[in-house]
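Trainee: Supplied in structure tokens, the structure appears directly below.
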Amino acid sequence: MKISDWHERFTLQSTWTRDLRNFIFRKIDAQPGQTLLDVGVGTGALLDEYTGRGLQVIGLDLDLENCQFANLHPSKSIIFNADAHCMPFKQHQFDLTVTHYVLLWVRDPAQVVAEMKRVTKPGGYVVAFAEPDYHSRIDYPEAFQDIGKIQNRSLAFQGIDLSMGRKLGHLFRTIGLKDVRLGLLAGQWRYPEKDDFDHEWDIIAFDLGGMVPVEEILAMKEQALKSWLDGEATVFIPTFYAYGMV
Ligand SMILES: C[S@@+](CC[C@H](N)C(=O)[O-])C[C@H]1O[C@@H](n2cnc3c(N)ncnc32)[C@H](O)[C@@H]1O
């Protein structure tokens, strides 16, 4: 996929968690003028939202191409190309240090959360907005179950921790964050449209590529689309959030 396709994907993904972010920002009383570090900023899908809240945003990502793309963004954010395991910031620098769909990708999530805590001011917050637990996914009916299993295999092959979600609470508590709140993003399904399927399928096809022959992917797609348009399909990947005070 091209980087602009990834950006589109990340932007769509960020709409699923928007209400949750609003909820958490209210809970932690985020105020305009505060500094926010977005760890694993990716292509910058969330930059507009954060700067739109009046936050002063710094982004950090390991992937140079993502950083370059995020840097093209018209918002006034500064993007660092660096590793979240060892961030190039002084301690107690940010009011809020947040992450969104990132800890499942990193080598040592405990080290990354410890770094997030280190760079956050006392009284500030560390937030993981969305960490999925692919091992507890629900895929219905059978056509989707098969796709789900192959997608999980592919994600594991790409190096993600399929059980990150369930580990999040313990991770936040053991790192010594205070008053840790842990929760689950609720699911909501409107009547399934072809457009939604196409968006979903792009990423599924990307994950299935190389794992299954093309003809098999196309046959799966046909079966899955029928079940989707019949209103039969339910796909749910439990996605956890956590926040805690420094
Ligand atoms: C699924 S993307 C999420 C991007 C963005 N947070 C969003 O939600 O649109 C995961 C991002 O984490 C970044 N990442 C993975 N490991 C990292 C590390 N050790 N340090 C910094 N960024 C990392 C990847 O380069 C990628 O941009």
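Residue numbering restarts at 1 for every chain of the structure tokens, chains are lettered A, B, ... in their displayed order, and ligands are numbered from 1 as they appear.
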Would you list the residues that come within 9 Å of ligand 1? Count only C-alpha atoms and all ligand atoms and give the answer as an MDAnalysis selection string.

Mentor: chainID A and resid 6:7 9:14 38:46 60:67 81:87 98:109 112 130

Trainee: Run DSSP on the backbone and give me the residues of range 122-197 of chain A it puts in strand (DSSP E), as a list of chain:residue names.

Mentor: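 These are the residues in question: A:Pro122, A:Gly123, A:Gly124, A:Tyr125, A:Val126, A:Val127, A:Ala128, A:Phe129, A:Ala130, A:Glu131, A:Pro132, A:Ile138, A:Asp139, A:Tyr140, A:Lys178, A:Asp179, A:Val180, A:Arg181, A:Leu182, A:Gly183, A:Leu184.
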
Trainee: Go ahead and dump the residues you just picked, C-alpha atoms, as a PDB file, in the first residue's frame.

Mentor:
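Below is the file that was written, again23.pdb:
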```pdb
ATOM      1  CA  PRO A 122       4.044  15.238  37.545  1.00  0.00           C
ATOM      2  CA  GLY A 123       0.266  15.657  37.556  1.00  0.00           C
ATOM      3  CA  GLY A 124       0.183  15.077  33.793  1.00  0.00           C
ATOM      4  CA  TYR A 125      -1.275  12.004  32.090  1.00  0.00           C
ATOM      5  CA  VAL A 126      -0.097   9.045  30.064  1.00  0.00           C
ATOM      6  CA  VAL A 127      -2.832   7.726  27.771  1.00  0.00           C
ATOM      7  CA  ALA A 128      -3.113   4.684  25.508  1.00  0.00           C
ATOM      8  CA  PHE A 129      -6.231   5.438  23.499  1.00  0.00           C
ATOM      9  CA  ALA A 130      -6.565   2.132  21.634  1.00  0.00           C
ATOM     10  CA  GLU A 131      -4.833  -1.233  21.980  1.00  0.00           C
ATOM     11  CA  PRO A 132      -6.660  -4.129  20.325  1.00  0.00           C
ATOM     12  CA  ILE A 138     -15.387 -12.197  17.265  1.00  0.00           C
ATOM     13  CA  ASP A 139     -15.868 -13.012  13.603  1.00  0.00           C
ATOM     14  CA  TYR A 140     -19.235 -14.223  12.415  1.00  0.00           C
ATOM     15  CA  LYS A 178      -1.480   6.715  39.593  1.00  0.00           C
ATOM     16  CA  ASP A 179      -5.247   6.216  39.547  1.00  0.00           C
ATOM     17  CA  VAL A 180      -5.123   4.059  36.413  1.00  0.00           C
ATOM     18  CA  ARG A 181      -8.403   3.763  34.532  1.00  0.00           C
ATOM     19  CA  LEU A 182      -8.855   0.893  32.125  1.00  0.00           C
ATOM     20  CA  GLY A 183     -11.731   0.315  29.743  1.00  0.00           C
ATOM     21  CA  LEU A 184     -12.963  -1.066  26.492  1.00  0.00           C
TER      22      LEU A 184
END
```

Trainee: Using DSSP assignments from the backbone, pull out every residue in range 17-239 of chain A that falls under helix (DSSP H, G or I) and give it to me as a VMD selection string.

Mentor: chain A and resid 18 to 27 47 to 52 64 to 71 103 to 105 109 to 118 134 to 136 142 to 158 164 to 174 194 to 208 214 to 229

Trainee: Emit the selected residues as an mmCIF file, in the first residue's frame, including C-alpha atoms.

Mentor:
```cif
data_model
loop_
_atom_site.group_PDB
_atom_site.id
_atom_site.type_symbol
_atom_site.label_atom_id
_atom_site.label_comp_id
_atom_site.auth_asym_id
_atom_site.auth_seq_id
_atom_site.Cartn_x
_atom_site.Cartn_y
_atom_site.Cartn_z
ATOM 1 C CA ARG A 18 -13.033 9.758 18.347
ATOM 2 C CA ASP A 19 -15.823 9.592 20.963
ATOM 3 C CA LEU A 20 -13.490 7.727 23.276
ATOM 4 C CA ARG A 21 -10.805 10.411 22.928
ATOM 5 C CA ASN A 22 -13.375 13.115 23.692
ATOM 6 C CA PHE A 23 -14.406 11.144 26.788
ATOM 7 C CA ILE A 24 -10.825 10.698 28.013
ATOM 8 C CA PHE A 25 -9.815 14.300 27.273
ATOM 9 C CA ARG A 26 -12.789 15.390 29.407
ATOM 10 C CA LYS A 27 -11.831 12.998 32.206
ATOM 11 C CA LEU A 47 -2.747 15.941 14.376
ATOM 12 C CA ASP A 48 -5.677 18.104 13.263
ATOM 13 C CA GLU A 49 -7.831 16.896 16.100
ATOM 14 C CA TYR A 50 -5.172 17.570 18.738
ATOM 15 C CA THR A 51 -4.166 20.988 17.419
ATOM 16 C CA GLY A 52 -7.884 21.780 16.941
ATOM 17 C CA LEU A 64 11.052 7.984 8.519
ATOM 18 C CA GLU A 65 8.535 7.884 5.674
ATOM 19 C CA ASN A 66 5.647 8.299 8.127
ATOM 20 C CA CYS A 67 7.460 11.233 9.767
ATOM 21 C CA GLN A 68 8.015 12.894 6.404
ATOM 22 C CA PHE A 69 4.350 12.443 5.507
ATOM 23 C CA ALA A 70 3.210 13.766 8.909
ATOM 24 C CA ASN A 71 5.546 16.740 8.443
ATOM 25 C CA LEU A 103 1.993 -0.490 21.875
ATOM 26 C CA LEU A 104 0.987 -3.692 20.076
ATOM 27 C CA TRP A 105 3.713 -2.922 17.512
ATOM 28 C CA PRO A 109 5.716 -2.008 25.572
ATOM 29 C CA ALA A 110 6.705 -1.721 29.260
ATOM 30 C CA GLN A 111 9.820 0.231 28.275
ATOM 31 C CA VAL A 112 7.744 2.509 26.025
ATOM 32 C CA VAL A 113 5.164 3.217 28.747
ATOM 33 C CA ALA A 114 8.022 3.861 31.206
ATOM 34 C CA GLU A 115 9.468 6.355 28.719
ATOM 35 C CA MET A 116 6.052 7.970 28.307
ATOM 36 C CA LYS A 117 5.886 8.355 32.088
ATOM 37 C CA ARG A 118 9.423 9.747 32.283
ATOM 38 C CA TYR A 134 -6.895 -9.712 18.325
ATOM 39 C CA HIS A 135 -6.813 -13.010 20.213
ATOM 40 C CA SER A 136 -10.306 -12.345 21.548
ATOM 41 C CA GLU A 142 -17.848 -18.795 9.168
ATOM 42 C CA ALA A 143 -16.523 -16.914 6.122
ATOM 43 C CA PHE A 144 -15.367 -14.156 8.476
ATOM 44 C CA GLN A 145 -13.942 -16.637 10.976
ATOM 45 C CA ASP A 146 -11.603 -18.009 8.323
ATOM 46 C CA ILE A 147 -10.550 -14.498 7.309
ATOM 47 C CA GLY A 148 -10.024 -13.533 10.974
ATOM 48 C CA LYS A 149 -7.740 -16.508 11.594
ATOM 49 C CA ILE A 150 -5.593 -15.766 8.543
ATOM 50 C CA GLN A 151 -5.493 -12.058 9.363
ATOM 51 C CA ASN A 152 -4.272 -12.849 12.890
ATOM 52 C CA ARG A 153 -1.571 -15.121 11.472
ATOM 53 C CA SER A 154 -0.492 -12.346 9.145
ATOM 54 C CA LEU A 155 -0.446 -9.733 11.933
ATOM 55 C CA ALA A 156 1.595 -12.055 14.150
ATOM 56 C CA PHE A 157 3.972 -12.529 11.226
ATOM 57 C CA GLN A 158 4.229 -8.724 10.889
ATOM 58 C CA MET A 164 -1.730 -6.428 23.781
ATOM 59 C CA GLY A 165 -5.184 -5.183 24.814
ATOM 60 C CA ARG A 166 -5.595 -7.519 27.784
ATOM 61 C CA LYS A 167 -2.134 -6.612 29.112
ATOM 62 C CA LEU A 168 -2.657 -2.858 29.094
ATOM 63 C CA GLY A 169 -4.052 -2.410 32.622
ATOM 64 C CA HIS A 170 -1.259 -4.369 34.281
ATOM 65 C CA LEU A 171 1.309 -2.515 32.208
ATOM 66 C CA PHE A 172 0.031 0.896 33.307
ATOM 67 C CA ARG A 173 -0.237 -0.130 36.967
ATOM 68 C CA THR A 174 3.160 -1.783 37.277
ATOM 69 C CA LYS A 194 -20.725 -1.761 0.423
ATOM 70 C CA ASP A 195 -18.408 1.217 1.018
ATOM 71 C CA ASP A 196 -17.599 0.070 4.560
ATOM 72 C CA PHE A 197 -16.883 -3.389 3.237
ATOM 73 C CA ASP A 198 -14.530 -2.018 0.579
ATOM 74 C CA HIS A 199 -12.575 -0.035 3.199
ATOM 75 C CA GLU A 200 -12.337 -3.089 5.448
ATOM 76 C CA TRP A 201 -11.470 -5.347 2.581
ATOM 77 C CA ASP A 202 -8.500 -3.219 1.445
ATOM 78 C CA ILE A 203 -6.743 -3.866 4.719
ATOM 79 C CA ILE A 204 -7.864 -7.508 4.927
ATOM 80 C CA ALA A 205 -6.554 -8.140 1.391
ATOM 81 C CA PHE A 206 -3.258 -6.496 2.394
ATOM 82 C CA ASP A 207 -2.981 -8.802 5.422
ATOM 83 C CA LEU A 208 -4.039 -11.910 3.484
ATOM 84 C CA VAL A 214 -5.064 -14.750 -4.952
ATOM 85 C CA GLU A 215 -7.953 -16.918 -6.274
ATOM 86 C CA GLU A 216 -8.724 -17.992 -2.714
ATOM 87 C CA ILE A 217 -8.710 -14.355 -1.531
ATOM 88 C CA LEU A 218 -11.143 -13.444 -4.316
ATOM 89 C CA ALA A 219 -13.450 -16.352 -3.427
ATOM 90 C CA MET A 220 -13.351 -15.306 0.250
ATOM 91 C CA LYS A 221 -14.142 -11.743 -0.753
ATOM 92 C CA GLU A 222 -17.211 -12.790 -2.713
ATOM 93 C CA GLN A 223 -18.523 -14.915 0.144
ATOM 94 C CA ALA A 224 -17.757 -12.244 2.727
ATOM 95 C CA LEU A 225 -19.397 -9.470 0.694
ATOM 96 C CA LYS A 226 -22.603 -11.481 0.335
ATOM 97 C CA SER A 227 -22.778 -12.138 4.053
ATOM 98 C CA TRP A 228 -21.935 -8.451 4.754
ATOM 99 C CA LEU A 229 -24.687 -7.117 2.494
#
```

Trainee: How far is it from CA of Ala30 in chain A to CA of Leu55 in chain A, in Å with one decimal?

Mentor: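 It comes out at 8.4 Å.
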
Trainee: Of the candidates A:Asp161, A:Phe236, A:Pro192, A:Gly209, which shows the shortest atom-to-atom distance to Met1 in chain A, using only C-alpha atoms?

Mentor: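 Ranked by minimum distance to Met1 in chain A, first place goes to A:Gly209.
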
Trainee: Quick one: residues within 8 Å of Leu36 in chain A, only C-alpha atoms, excluding same-chain residues fewer than 4 positions away - as a PyMOL selection string?

Mentor: chain A and resi 55-58+94-98

Trainee: What is the CA of Glu232 in chain A-CA of Pro141 in chain A distance in Å, reported with one decimal?

Mentor: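 CA of Pro141 in chain A lies 7.2 Å from CA of Glu232 in chain A.
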